[in-house]
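Here is the file protein09.pdb (PDB, C-alpha atoms and all ligand atoms).
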```pdb
ATOM      1  CA  MET A 260      -9.644 -32.991  13.611
ATOM      2  CA  PRO A 261      -9.826 -29.505  15.153
ATOM      3  CA  GLY A 262      -6.612 -27.539  14.818
ATOM      4  CA  THR A 263      -5.221 -29.698  12.038
ATOM      5  CA  PRO A 264      -5.434 -27.927   8.680
ATOM      6  CA  PRO A 265      -5.650 -29.893   5.454
ATOM      7  CA  PRO A 266      -2.068 -30.423   4.303
ATOM      8  CA  ASP A 267      -2.551 -28.736   0.906
ATOM      9  CA  GLN A 268      -3.369 -25.284   2.365
ATOM     10  CA  CYS A 269       0.256 -24.447   3.208
ATOM     11  CA  ARG A 270       2.391 -23.147   0.399
ATOM     12  CA  ILE A 271       5.640 -21.510  -0.570
ATOM     13  CA  LEU A 272       5.544 -18.749  -3.161
ATOM     14  CA  ARG A 273       8.902 -18.672  -4.915
ATOM     15  CA  GLU A 274      10.206 -15.255  -5.883
ATOM     16  CA  ALA A 275      12.410 -14.273  -8.820
ATOM     17  CA  ASN A 276      13.190 -10.627  -9.531
ATOM     18  CA  PHE A 277      10.234  -9.381  -7.426
ATOM     19  CA  ARG A 278       7.710 -11.591  -9.171
ATOM     20  CA  TRP A 279       6.114 -14.434  -7.218
ATOM     21  CA  GLU A 280       5.365 -17.721  -8.939
ATOM     22  CA  GLY A 281       1.705 -18.081  -9.889
ATOM     23  CA  ILE A 282       0.769 -14.527  -8.872
ATOM     24  CA  GLU A 283      -0.691 -12.127 -11.434
ATOM     25  CA  GLN A 284       0.603  -8.597 -11.595
ATOM     26  CA  GLU A 285      -2.419  -6.301 -11.512
ATOM     27  CA  ALA A 286      -3.195  -2.627 -11.735
ATOM     28  CA  TYR A 287      -2.848  -0.818  -8.412
ATOM     29  CA  LYS A 288      -6.500   0.168  -8.569
ATOM     30  CA  ALA A 289      -9.100  -0.424 -11.222
ATOM     31  CA  GLU A 290      -9.139   3.155 -12.444
ATOM     32  CA  GLY A 291      -8.305   6.727 -11.540
ATOM     33  CA  THR A 292      -5.875   9.555 -12.075
ATOM     34  CA  HIS A 293      -5.097  10.081  -8.391
ATOM     35  CA  PHE A 294      -2.150   7.667  -8.483
ATOM     36  CA  SER A 295       0.723   7.115 -10.881
ATOM     37  CA  GLY A 296       2.983   4.269 -11.971
ATOM     38  CA  ALA A 297       1.780   1.687  -9.441
ATOM     39  CA  ARG A 298       0.897  -2.023  -9.692
ATOM     40  CA  ARG A 299       0.237  -4.891  -7.295
ATOM     41  CA  GLN A 300       0.614  -8.603  -6.666
ATOM     42  CA  THR A 301      -1.566 -10.235  -4.018
ATOM     43  CA  LEU A 302       0.645 -12.881  -2.415
ATOM     44  CA  VAL A 303      -1.875 -14.083   0.170
ATOM     45  CA  GLY A 304      -5.544 -13.140   0.050
ATOM     46  CA  GLN A 305      -8.739 -13.537  -1.849
ATOM     47  CA  PRO A 306      -7.932 -13.129  -5.548
ATOM     48  CA  ALA A 307      -6.013 -16.373  -5.894
ATOM     49  CA  GLY A 308      -9.082 -18.291  -4.697
ATOM     50  CA  GLN A 309      -7.265 -19.766  -1.741
ATOM     51  CA  GLN A 310      -8.583 -20.350   1.735
ATOM     52  CA  ALA A 311      -8.365 -16.726   2.813
ATOM     53  CA  PRO A 312      -7.089 -15.616   6.200
ATOM     54  CA  ALA A 313      -8.406 -12.449   7.875
ATOM     55  CA  PHE A 314      -5.601 -10.402   6.313
ATOM     56  CA  GLU A 315      -4.075  -9.924   2.871
ATOM     57  CA  THR A 316      -0.402  -9.592   2.030
ATOM     58  CA  ARG A 317       0.195  -7.594  -1.123
ATOM     59  CA  TYR A 318       3.364  -6.479  -2.895
ATOM     60  CA  PHE A 319       3.228  -3.101  -4.636
ATOM     61  CA  GLU A 320       5.631  -1.500  -7.056
ATOM     62  CA  VAL A 321       5.751   2.184  -7.864
ATOM     63  CA  GLU A 322       7.879   3.600 -10.665
ATOM     64  CA  PRO A 323      10.329   6.404  -9.852
ATOM     65  CA  GLY A 324       8.311   9.601  -9.491
ATOM     66  CA  GLY A 325       5.082   7.632  -9.041
ATOM     67  CA  TYR A 326       2.791   7.591  -6.048
ATOM     68  CA  THR A 327      -0.192   5.871  -4.485
ATOM     69  CA  THR A 328      -3.542   7.501  -3.764
ATOM     70  CA  LEU A 329      -3.738  10.117  -1.019
ATOM     71  CA  GLU A 330      -6.407   8.545   1.184
ATOM     72  CA  ARG A 331      -7.561   7.547   4.651
ATOM     73  CA  HIS A 332      -9.749   4.786   6.051
ATOM     74  CA  GLU A 333     -10.657   2.964   9.217
ATOM     75  CA  HIS A 334      -8.415  -0.029   8.549
ATOM     76  CA  ALA A 335      -4.700   0.104   9.300
ATOM     77  CA  HIS A 336      -1.748  -0.778   7.044
ATOM     78  CA  VAL A 337       1.619  -2.301   7.752
ATOM     79  CA  VAL A 338       4.087  -1.325   5.026
ATOM     80  CA  ILE A 339       7.552  -2.875   4.716
ATOM     81  CA  VAL A 340       9.862  -1.583   1.989
ATOM     82  CA  LEU A 341      11.706  -4.280   0.023
ATOM     83  CA  ARG A 342      13.441  -2.196  -2.673
ATOM     84  CA  GLY A 343      14.000   1.431  -3.587
ATOM     85  CA  GLU A 344      13.293   4.498  -1.518
ATOM     86  CA  ALA A 345      10.042   6.052  -0.431
ATOM     87  CA  GLU A 346       8.674   9.127   1.170
ATOM     88  CA  VAL A 347       5.456   8.470   2.995
ATOM     89  CA  VAL A 348       2.992  11.181   3.970
ATOM     90  CA  LEU A 349       1.499  10.389   7.391
ATOM     91  CA  ASP A 350      -0.975  13.136   8.244
ATOM     92  CA  GLN A 351       1.209  16.165   8.976
ATOM     93  CA  ARG A 352       4.537  14.365   8.480
ATOM     94  CA  VAL A 353       6.646  13.240   5.539
ATOM     95  CA  GLU A 354       8.999  10.382   6.415
ATOM     96  CA  ALA A 355      11.768   8.831   4.302
ATOM     97  CA  ILE A 356      11.809   5.014   4.427
ATOM     98  CA  THR A 357      14.221   2.519   2.866
ATOM     99  CA  PRO A 358      14.416  -1.287   2.546
ATOM    100  CA  LEU A 359      13.283  -3.228   5.597
ATOM    101  CA  ASP A 360      11.888  -0.149   7.312
ATOM    102  CA  CYS A 361       8.374  -0.825   8.535
ATOM    103  CA  ALA A 362       5.671   1.847   8.604
ATOM    104  CA  TYR A 363       2.487   1.445  10.602
ATOM    105  CA  ILE A 364      -0.291   3.540   9.100
ATOM    106  CA  ALA A 365      -2.879   3.979  11.813
ATOM    107  CA  PRO A 366      -6.651   4.095  11.283
ATOM    108  CA  TRP A 367      -7.809   7.376   9.698
ATOM    109  CA  ALA A 368      -4.298   8.706   9.044
ATOM    110  CA  TRP A 369      -4.004  10.436   5.682
ATOM    111  CA  HIS A 370      -1.310   8.611   3.724
ATOM    112  CA  GLN A 371       0.412   8.605   0.347
ATOM    113  CA  ILE A 372       3.534   6.715  -0.679
ATOM    114  CA  HIS A 373       5.939   8.247  -3.194
ATOM    115  CA  ALA A 374       8.778   6.518  -5.050
ATOM    116  CA  VAL A 375      11.776   8.809  -4.763
ATOM    117  CA  GLY A 376      15.221   8.320  -6.281
ATOM    118  CA  THR A 377      15.930   6.414  -9.481
ATOM    119  CA  GLU A 378      14.921   2.864  -8.546
ATOM    120  CA  THR A 379      11.542   1.189  -8.621
ATOM    121  CA  LEU A 380       9.993   1.224  -5.162
ATOM    122  CA  GLY A 381       8.701  -2.128  -3.933
ATOM    123  CA  PHE A 382       6.891  -2.683  -0.657
ATOM    124  CA  LEU A 383       4.767  -5.249   1.120
ATOM    125  CA  CYS A 384       1.464  -4.048   2.512
ATOM    126  CA  ILE A 385      -0.518  -6.131   4.999
ATOM    127  CA  VAL A 386      -4.152  -5.228   5.419
ATOM    128  CA  ASP A 387      -7.464  -6.641   6.703
ATOM    129  CA  ARG A 388      -9.245  -8.819   4.166
ATOM    130  CA  ASP A 389     -12.584  -7.192   5.013
ATOM    131  CA  ARG A 390     -12.062  -3.451   5.098
ATOM    132  CA  ASP A 391     -13.775  -0.129   4.586
ATOM    133  CA  ARG A 392     -13.429   1.848   1.377
ATOM    134  CA  PRO A 393     -10.742   4.545   1.279
ATOM    135  CA  GLN A 394     -11.802   8.184   1.452
ATOM    136  CA  ARG A 395     -10.068  10.834  -0.616
ATOM    137  CA  PRO A 396      -9.545  14.364   0.665
ATOM    138  CA  ASP A 397     -12.051  17.112  -0.034
ATOM    139  CA  PRO A 398     -10.847  20.712  -0.487
ATOM    140  CA  GLN A 399     -11.062  21.408   3.249
ATOM    141  CA  HIS A 400      -8.944  18.334   4.083
ATOM    142  CA  LEU A 401      -6.397  19.475   1.507
ATOM    143  CA  ASP A 402      -6.244  22.950   3.041
ATOM    144  CA  GLU A 403      -5.525  21.389   6.430
ATOM    145  CA  LEU A 404      -2.863  19.047   5.071
ATOM    146  CA  ARG A 405      -1.185  21.869   3.145
ATOM    147  CA  ARG A 406      -0.629  23.920   6.294
ATOM    148  CA  THR A 407       2.504  21.841   6.766
ATOM    149  CA  PRO A 408       4.941  22.953   4.053
ATOM    150  CA  ALA A 409       6.656  19.567   3.656
ATOM    151  CA  VAL A 410       3.261  17.931   3.188
ATOM    152  CA  ALA A 411       2.120  20.649   0.792
ATOM    153  CA  ARG A 412       5.197  20.041  -1.360
ATOM    154  CA  ARG A 413       4.800  16.272  -1.382
ATOM    155  CA  ILE A 414       1.138  15.417  -1.834
ATOM    156  CA  ARG A 415      -0.389  14.772  -5.263
ATOM    157  CA  THR A 416      -4.105  14.524  -5.875
TER     158      THR A 416
HETATM  159 MN    MN B 501      -4.566   2.986   2.190
END
```
Output the file's structure as structure tokens, nothing else.
Amino acid sequence: MPGTPPPDQCRILREANFRWEGIEQEAYKAEGTHFSGARRQTLVGQPAGQQAPAFETRYFEVEPGGYTTLERHEHAHVVIVLRGEAEVVLDQRVEAITPLDCAYIAPWAWHQIHAVGTETLGFLCIVDRDRDRPQRPDPQHLDELRRTPAVARRIRT
């Protein structure tokens, strides 16, 4: 019947200590030296072989002092911090965010998330299932970003 999903598609993922039941903890990305101390769990999305909606919901952890890739892309991100403290580079800005703050990372904004303080940073990131590949900055992009001193101090490549 249209509009009535099969009953077994709905599910609850139980959490204990920032691990979700049945979800593998994976590397943040397959390879690279442009990030540090980061890992992911995909709570809703393709890897678990479920019926996949048009978005993915992932949980990332970054060790203190670690960071995600400095990148940009056409797709947007919604980031919601669950634990720890972050500084997020958003083009020419560096913003501090703490648990339950929500960051919208717009299409084509340069972004990098840093775990600051002494605690592991944990955040949810919601993203399109079908999305373009991230671009990393070339030397000219880096020159432009580094014109803002706070950004120059924060970014890692
Ligand atoms: Mn990104």
> Any chance you could work out the residue set of the PyMOL selection byres (((not hetatm)) within 9 of (chain B and resi 501)) here, as number ranges by chain?
Replying inline: A: 327-332, 334-336, 364, 368-371, 386, 392-394
Selected residues written out, C-alpha atoms, as a compact mmCIF listing (two decimals), keeping the file's coordinate frame:
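File written: result.txt
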```
# COMPACT_ATOMS: atom_id res chain seq x y z
CA THR A 327 -0.19 5.87 -4.49
CA THR A 328 -3.54 7.50 -3.76
CA LEU A 329 -3.74 10.12 -1.02
CA GLU A 330 -6.41 8.54 1.18
CA ARG A 331 -7.56 7.55 4.65
CA HIS A 332 -9.75 4.79 6.05
CA HIS A 334 -8.41 -0.03 8.55
CA ALA A 335 -4.70 0.10 9.30
CA HIS A 336 -1.75 -0.78 7.04
CA ILE A 364 -0.29 3.54 9.10
CA ALA A 368 -4.30 8.71 9.04
CA TRP A 369 -4.00 10.44 5.68
CA HIS A 370 -1.31 8.61 3.72
CA GLN A 371 0.41 8.60 0.35
CA VAL A 386 -4.15 -5.23 5.42
CA ARG A 392 -13.43 1.85 1.38
CA PRO A 393 -10.74 4.54 1.28
CA GLN A 394 -11.80 8.18 1.45
```
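Closest to Ile385 of chain A among A:Asp397, A:Glu322, A:Glu315, A:Glu333 is A:Glu315, based on only C-alpha atoms.
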Between segment 366-416 of chain A and segment 340-358 of chain A, at 9 Å or less, what are the per-residue closest atom pairs and their distances in Å? Count only C-alpha atoms, order by chain and rising residue number, and return it as a tab-separated table.
```
residue	atom	partner	partner_atom	distance
A:Ala368	CA	A:Asp350	CA	5.6
A:Trp369	CA	A:Asp350	CA	4.8
A:His370	CA	A:Leu349	CA	4.9
A:Gln371	CA	A:Val348	CA	5.1
A:Ile372	CA	A:Val347	CA	4.5
A:His373	CA	A:Glu346	CA	5.2
A:Ala374	CA	A:Ala345	CA	4.8
A:Val375	CA	A:Ala345	CA	5.4
A:Gly376	CA	A:Glu344	CA	6.4
A:Thr377	CA	A:Gly343	CA	8.0
A:Glu378	CA	A:Gly343	CA	5.2
A:Thr379	CA	A:Gly343	CA	5.6
A:Leu380	CA	A:Gly343	CA	4.3
A:Gly381	CA	A:Arg342	CA	4.9
A:Phe382	CA	A:Val340	CA	4.1
A:Leu383	CA	A:Val340	CA	6.3
A:Cys384	CA	A:Val340	CA	8.8
A:Glu403	CA	A:Gln351	CA	8.9
A:Leu404	CA	A:Gln351	CA	6.3
A:Arg405	CA	A:Gln351	CA	8.5
A:Arg406	CA	A:Gln351	CA	8.4
A:Thr407	CA	A:Gln351	CA	6.2
A:Ala409	CA	A:Val353	CA	6.6
A:Val410	CA	A:Val353	CA	6.2
A:Arg413	CA	A:Val348	CA	7.6
A:Ile414	CA	A:Val348	CA	7.4
```
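Our summary of the geometry notes that atom CA of Ala286 of chain A is positioned 12.2 Å from atom CA of Arg317 of chain A.
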As AutoDock Vina command-line options, what would the box around segment 277-288 of chain A look like: edges along x, y and z, 4 Å added on every side, centre and edge lengths in Å to one decimal?
```
--center_x 1.9 --center_y -9.0 --center_z -9.5 --size_x 24.7 --size_y 26.2 --size_z 12.5
```
>> When you count all atoms listed in the file, which of these residues is closest to Gly291 of chain A: A:Val303, A:Pro398, A:Gly325, A:Thr416?
In response: A:Thr416
> Which one is closest to Ala311 of chain A: A:Arg299, A:Arg270, A:Arg278, A:Arg388? Count all atoms listed in the file.
Replying inline: A:Arg388
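Here atom CA of Phe319 of chain A and atom CA of Gly304 of chain A stand 14.1 Å from one another.
Here atom CA of Thr316 of chain A stands at a distance of 17.9 Å from atom CA of Asn276 of chain A.
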> For Glu274 of chain A, which of A:Ala297, A:Leu302, A:Ala411, A:Ala365 is the closest residue, counting all atoms listed in the file?
Replying inline: A:Leu302
> Between A:Trp279, A:Thr301, A:Arg415, A:Tyr287, which is the closest to Gly324 of chain A once you count all atoms listed in the file?
Replying inline: A:Arg415
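Proximity to Asp391 of chain A was assessed for A:Gly281, A:Gly296, A:Pro312, A:Pro366 counting only C-alpha atoms; the smallest distance is recorded for A:Pro366.
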